[in-house]
Structures are given as C-alpha cells and as structure tokens.
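Here the structure is laid out as structure tokens; the discussion comes afterwards.
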Amino acid sequence: MTGNGSGSFSLGASQRLKPRSRSVRAADFNRDGRLDVVVANFNASELTILLGNGSGAFPQTRNLPSVANPGFLAVDDFDQDGVKDLAVTSLDAEQQIAVMFGAEAGNFEGTANYNLNLKPGAVVSRDFNLDGRLDLAIAPEPGNSLSILAGDELGLFSEAGSVNGTFEAYALAADDFNQDGKPDLAVPNFNGNTISILLNTTCKPTVTAPQTLAVVSAASYRGLRTAANAIVAGFGDGVATGVQVASSLSLPTTLAGTSIKVKDSTGAEIPAPLFFVSPGQLNFLIPERAALGEATITASSGNGNVSLGTVQIDRIAPGLFAANANGQGVAAASVLRVKANGAQLYESLSRFDASLNKWVAVPIGLGDASDQLFLILFGTGMRGRASLVGATATIGGANAEVLYVGAQGDLVGLDQANVRIPRSLAGRGEVNVVLSVDGLAANVITVNVK
C-alpha cells in the first residue's frame, strides 16, 4: 500500500510469496537509492529479497537459503561496511539466530550462526552496551528471559547476558523511552494483556577528547594522500596498550586490543587490517573497498583511548621503501642479474653496519657486458596505476626503462617496480632513483653503482 501524504493509503502492486511468510523488513539492500523488502518464508526455510524500482513496485526477486523455519528479522549494518546485513531467528527446535552479511548488488556473502538458550522470537538491533557497535536483543517465544548478544567491529556476536522476566514475546521494540541517551526495550506479553518496558541501566562510558593520529605512507613517510590497498603508518600517543605483530598473512583487525576504522567519503566505516601496533605507532592497510575522497581514520585502543586522523584516498599514492625505514637513503630493493645463458641471480643492495647502526649500500657491479641488470624496487600505493606507459624512472639522471609496476603478489599491500639499470652508470657511486607513476613522483631513494 502506498501513502498519499495525508495519512491514507492506496492499494499498490501485490506480490506472490511462499506460504506462511512470517515477517517483513524494508531497506536499500543493493544501494541503488531505492527501498527493497526482505520477507521471511517460514515453510520454505528461505528469505525472499524484493528489489524496489522506486515507484512502489518490486519487479526483481531472489530467494536466499536461511535457517530452518525463519521467523523474525532485524536489518542493520552489523559489520559497519556501509552495506545492510540481516539477522534472522529460527522458529525450529534448533534455537538459532543467523547473521547474514550483505555484499554488493543486494547479494549476501557469509553467514554466522549462533545457538541460543531459548526458542527465539522477535529480534531488534541497537547499541545496548554503548560501545559503538551494534548488539542484538532476542525475545523468547515464550520464555522467562531476553537474550542479549554483544556485537564487535566485524559484525560477530557473543553472549552478553539476559534480562529475566515472564515474557511471551511475538514482537519487540527498542528506543530511548526515558530520553537518557540509552536504548530501552518494550516487550508485549501475548497472553498476559500487558507490556513490559525494560529500561537500560548501562553506565555511559566516559568520553575523552580524541588524540591526534598522524597518518603517513609506511614507505615514503609522506602524509595527507594515500590509496586503497596501501600500507600506512599512524603515529600518536597511547594508540595501543602494548606491542603486537600480526602472526599471519591473513591480517587481523584487532591487535593488543587496538582496532582501526576507516570512514570513507561515502560514510562507510570499514575495519582496517593491522600489521603492527605499539603505544606510539600503528601500521595498517587502507581497505581495498575504501572509496576515493577524504577519509577519517579512527584508532581505538584497548583501554578506550581514541585517536583521529584524516587522509585523502586517491587512485594512487606512490611510495618506495627505504632500507632504514625512513623514506630516504638506501633503497629497500634488490638487483636481478640475468646472464647471457639465461641464469638469474638476485643480489642484495644493502647491509647492516653495526658500527653506524644503520643499513648502508652494497655497490652494484655491472659485471659482464652481456649481463642485464634490473632494479627491483618495493613500495606501496602504486597498483592502481592507469597504464605502464605512465610510469617513468631515472637512475642518476639517466632514463631507465620501467618494465613493471603493480602488486608484489605475496605480501598484503606490497607493490613492486622493475626498472632496467643502464650500463652507462658504471663508476657513478651513489645515485638517486626517481620513479614517477601517472605523473606522481615517489620519494627519492638511492643505490650505489661501482
């Protein structure tokens, strides 16, 4: 039924559904600016998504596998990625609730199932524990307690407690009924002719002014501009309560209790994968799906400290790693030597000098006249280039052919540039390496040619 603006409705298009459709919710699942509808089909053990066309009709439908006998629905962005997710309770004997994560174009990818200690009825989502993350309240059908599941930054849930009472709840509402800034619950009792108002007694956390987080490329140490899939470093005070390094190539989004969110230009808040945290420095990845434009970086430590920074996310922001991790001096790179017989040898460009307590250059020998030498540079923020034609390089002022600019392939966020070393550089000693990608120059690093 479509509203006419005066409080009355007209009968709009009807849509045939599976028998015993139990509940319905509306949201823009495919992010086209038009409201869609999701229906829980009790008998079919599936959900139906009806995609709206903006005029009150829903010409496209798709069915999704669901929990057995789906009953009640909640729609929200549980993992805070800007895409609507679903929570659906099972009215089967399994006593389950499932969270289905939304993806692009109205699809859903990944489901988390949770076993409950009650037969679930209605479900609503709010930040009940005031930690900035969505939680779930689940009513029994019937039972003597409400279940609360606490959410985290990934949209995953854990048992957080229960509210005891005598309920027969086929519906549940959440709002701030006493206007104290905390979400409360209203629970109608089916056979009791009563309604229970449950006031939230959670203590509000103490709000402190956020600290400053200075965000720079982890390669060039330049600030302000970065790119999706780029490795960055954030500097601040008390940004973590300890030191921890990611232990696998599949990066976590929490280390030592610290997590980072990137709020992009569309308003989507995306958890950032973490490489390393310490009280003064965080190394993390700008998420792949972060939109171009200005973004806010929020770092939350395990003790509640919050630090804020801003960056501009561009298509590329080329930076080259230096051996001394300061964006200058000796390159963090290697040389590939290709012999006339096709043999390939990799050679180091630097060594650690204990007396100087830093990395110093290992001179490159050009070798036989038939040897071909290639400089393998490592960086970040370069894989989004438009074309290889737009990549140029000079070594010691001499033009050098760029053969590859893109992802390194093995390590998250790491990019690579392959540059031919001109033989005219023989005997030059320390020389600058200047790389430009799509007209943007990376930081200058050095190599030594003997």
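By order of appearance in the structure tokens: chains A, B, ..., then residues from 1 within every chain, and ligands from 1 in the order shown.
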
**Request:** Find the spatial neighbours of stretch 341-345 of chain A, counting only C-alpha atoms, within a cut-off of 10 Å - ignore same-chain residues fewer than 4 positions away - and output them as a ChimeraX atom specification.
**Result:** /A:335-337,370-373

**Asked** Would you give me, as a ChimeraX atom specification, the residues in stretch 9-248 of chain A that DSSP reads as strand (DSSP E or B)?
**Response** /A:9-10,21-27,36-41,46-51,60-65,70-76,85-90,96-102,108-115,120-126,135-140,143-151,157-167,173-175,184-189,194-198,211-212,214-217,223,225-227,231-235,244-245

Please produce a file of those selected residues containing C-alpha atoms, as a short mmCIF file (atom, residue, chain, number, x, y, z; two decimals), in the first residue's frame.
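Contents of part.cif, as written:
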```cif
data_model
loop_
_atom_site.label_atom_id
_atom_site.label_comp_id
_atom_site.auth_asym_id
_atom_site.auth_seq_id
_atom_site.Cartn_x
_atom_site.Cartn_y
_atom_site.Cartn_z
CA PHE A 9 -3.07 4.61 1.63
CA SER A 10 -3.80 3.25 -1.82
CA SER A 21 5.51 -15.56 5.22
CA ARG A 22 6.28 -14.64 8.79
CA SER A 23 7.87 -11.16 8.90
CA VAL A 24 9.00 -8.35 6.62
CA ARG A 25 11.56 -5.52 6.74
CA ALA A 26 12.49 -2.73 4.33
CA ALA A 27 15.98 -1.41 3.49
CA ASP A 36 13.82 -3.04 -1.11
CA VAL A 37 11.97 -5.59 1.00
CA VAL A 38 13.01 -8.83 2.68
CA VAL A 39 10.46 -11.46 3.73
CA ALA A 40 10.99 -14.50 5.99
CA ASN A 41 9.33 -17.56 4.41
CA GLU A 46 14.40 -19.22 2.99
CA LEU A 47 14.25 -15.45 2.66
CA THR A 48 12.90 -13.56 -0.34
CA ILE A 49 14.51 -10.26 -1.36
CA LEU A 50 12.26 -7.98 -3.45
CA LEU A 51 14.24 -5.23 -5.18
CA GLN A 60 13.04 -8.38 -9.27
CA THR A 61 13.07 -11.08 -6.60
CA ARG A 62 15.63 -13.55 -5.36
CA ASN A 63 15.45 -16.30 -2.76
CA LEU A 64 18.17 -16.89 -0.18
CA PRO A 65 18.76 -20.05 1.88
CA PRO A 70 12.79 -18.36 9.70
CA GLY A 71 10.62 -16.22 11.91
CA PHE A 72 11.72 -12.69 12.74
CA LEU A 73 14.13 -10.29 11.08
CA ALA A 74 16.38 -7.39 12.01
CA VAL A 75 18.14 -5.28 9.37
CA ASP A 76 21.23 -3.20 10.13
CA ASP A 85 23.06 -7.10 6.83
CA LEU A 86 20.32 -9.38 8.20
CA ALA A 87 19.67 -11.16 11.47
CA VAL A 88 17.02 -13.89 11.30
CA THR A 89 15.71 -16.10 14.09
CA SER A 90 14.81 -19.74 13.62
CA GLN A 96 19.32 -20.47 16.46
CA ILE A 97 19.80 -16.99 15.09
CA ALA A 98 21.77 -16.34 11.90
CA VAL A 99 23.53 -13.16 10.80
CA MET A 100 23.84 -12.83 7.01
CA PHE A 101 26.35 -10.30 5.71
CA GLY A 102 25.35 -8.04 2.83
CA PHE A 108 24.76 -11.79 0.73
CA GLU A 109 28.12 -13.43 1.37
CA GLY A 110 28.86 -15.30 4.59
CA THR A 111 26.61 -16.32 7.45
CA ALA A 112 27.35 -16.63 11.16
CA ASN A 113 25.04 -18.91 13.18
CA TYR A 114 24.58 -18.69 16.94
CA ASN A 115 22.97 -21.22 19.26
CA PRO A 120 13.90 -17.17 19.73
CA GLY A 121 11.07 -14.89 18.78
CA ALA A 122 11.43 -11.26 17.79
CA VAL A 123 14.86 -9.62 17.39
CA VAL A 124 15.98 -5.97 17.35
CA SER A 125 19.38 -4.33 16.97
CA ARG A 126 20.76 -1.35 18.89
CA ASP A 135 24.10 -5.58 19.54
CA LEU A 136 21.06 -7.87 19.32
CA ALA A 137 18.18 -8.32 21.75
CA ILE A 138 16.23 -11.53 21.22
CA ALA A 139 12.87 -12.22 22.81
CA PRO A 140 11.68 -15.74 23.73
CA GLY A 143 10.14 -17.88 27.94
CA ASN A 144 11.34 -16.11 31.03
CA SER A 145 14.38 -14.21 29.78
CA LEU A 146 15.51 -11.98 26.94
CA SER A 147 18.91 -12.75 25.43
CA ILE A 148 21.45 -10.02 24.61
CA LEU A 149 24.23 -10.66 22.11
CA ALA A 150 27.06 -8.12 22.02
CA GLY A 151 28.49 -7.22 18.61
CA PHE A 157 28.32 -11.60 18.27
CA SER A 158 28.86 -13.18 21.67
CA GLU A 159 26.57 -13.87 24.62
CA ALA A 160 26.44 -10.74 26.80
CA GLY A 161 23.74 -11.65 29.30
CA SER A 162 20.00 -11.89 29.71
CA VAL A 163 17.06 -10.00 31.16
CA ASN A 164 14.83 -12.14 33.36
CA GLY A 165 11.06 -11.87 33.41
CA THR A 166 7.92 -13.65 32.18
CA PHE A 167 7.53 -12.96 28.51
CA ALA A 173 10.70 -2.66 20.09
CA ALA A 174 13.82 -0.72 21.02
CA ASP A 175 14.08 3.03 21.55
CA ASP A 184 15.46 0.60 26.07
CA LEU A 185 13.14 -2.30 25.20
CA ALA A 186 9.35 -2.71 25.02
CA VAL A 187 8.06 -6.29 25.22
CA PRO A 188 4.34 -7.11 24.77
CA ASN A 189 3.16 -10.20 26.59
CA THR A 194 0.45 -6.38 29.43
CA ILE A 195 3.58 -4.77 28.05
CA SER A 196 6.93 -4.69 29.80
CA ILE A 197 9.18 -1.63 29.49
CA LEU A 198 12.78 -2.56 30.20
CA GLN A 211 44.08 12.30 20.41
CA THR A 212 45.69 13.21 17.09
CA ALA A 214 49.29 11.44 12.12
CA VAL A 215 48.88 9.09 9.14
CA VAL A 216 51.66 8.74 6.56
CA SER A 217 52.77 6.28 3.90
CA GLY A 223 51.30 12.34 4.72
CA ARG A 225 47.48 11.30 0.47
CA THR A 226 47.18 7.53 0.26
CA ALA A 227 45.43 4.85 -1.81
CA ILE A 231 50.37 0.31 3.70
CA VAL A 232 50.32 3.28 6.06
CA ALA A 233 51.69 4.19 9.47
CA GLY A 234 49.83 6.12 12.15
CA PHE A 235 51.72 7.97 14.90
CA GLN A 244 51.97 -6.90 18.91
CA VAL A 245 52.76 -8.00 15.37
#
```

**Message:** With only C-alpha atoms as the counted atoms, please give the residues lying no more than 12 Å from A:Gln312, apart from itself and same-chain residues fewer than 4 positions off, as a list of chain:residue names.
**Reply:** A:Val215, A:Val216, A:Ser217, A:Gly223, A:Leu224, A:Arg225, A:Thr226, A:Ala227, A:Ala228, A:Val262, A:Lys263, A:Asp264, A:Ser265, A:Ile286, A:Ala290, A:Ala291, A:Leu292, A:Gly293, A:Glu294, A:Ala295, A:Thr296, A:Ile297, A:Ile316, A:Ala317

**Request:** Would you mind telling me which residue in A:Gly381, A:Val389, A:Gly439, A:Pro279 lies nearest to A:Ser220 when using only C-alpha atoms?
**Result:**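 Smallest separation from A:Ser220 among the options: A:Gly381.
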
**Prompt:** So which residues touch stretch 80-82 of chain A within 7 Å, counting only C-alpha atoms, skipping near sequence neighbours fewer than 4 positions away, as an NGL selection string?
**Reply:** :A and (268-270)

**Within 7 Å of stretch 252-255 of chain A using only C-alpha atoms, minus same-chain residues under 3 positions, as a ChimeraX atom specification** = /A:244,246,258-259,271-274,277

**Request:** Compare A:Val362, A:Gly257, A:Leu249, A:Leu435 by their minimum atom-to-atom distance to A:Gly409, counting only C-alpha atoms, and give me the closest one.
**Result:**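 Smallest separation from A:Gly409 among the options: A:Leu249.
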
**Item:** A:Val434 surroundings by only C-alpha atoms, 12 Å radius, close-in-sequence under 3 positions cut, as a PyMOL selection string
**Value:** chain A and resi 318-320+328+331+377+391-402+417+419+431+437+439-447

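Between A:Ala57 and the residues A:Asn229, A:Gln15, A:Asn117, A:Ser300, the shortest atom-to-atom distance, using only C-alpha atoms, involves A:Gln15.
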
**Item:** Residue nearest A:Asp415 among A:Ala219, A:Ile364, A:Asn448, A:Asn326 (counting only C-alpha atoms)
**Value:** A:Ala219
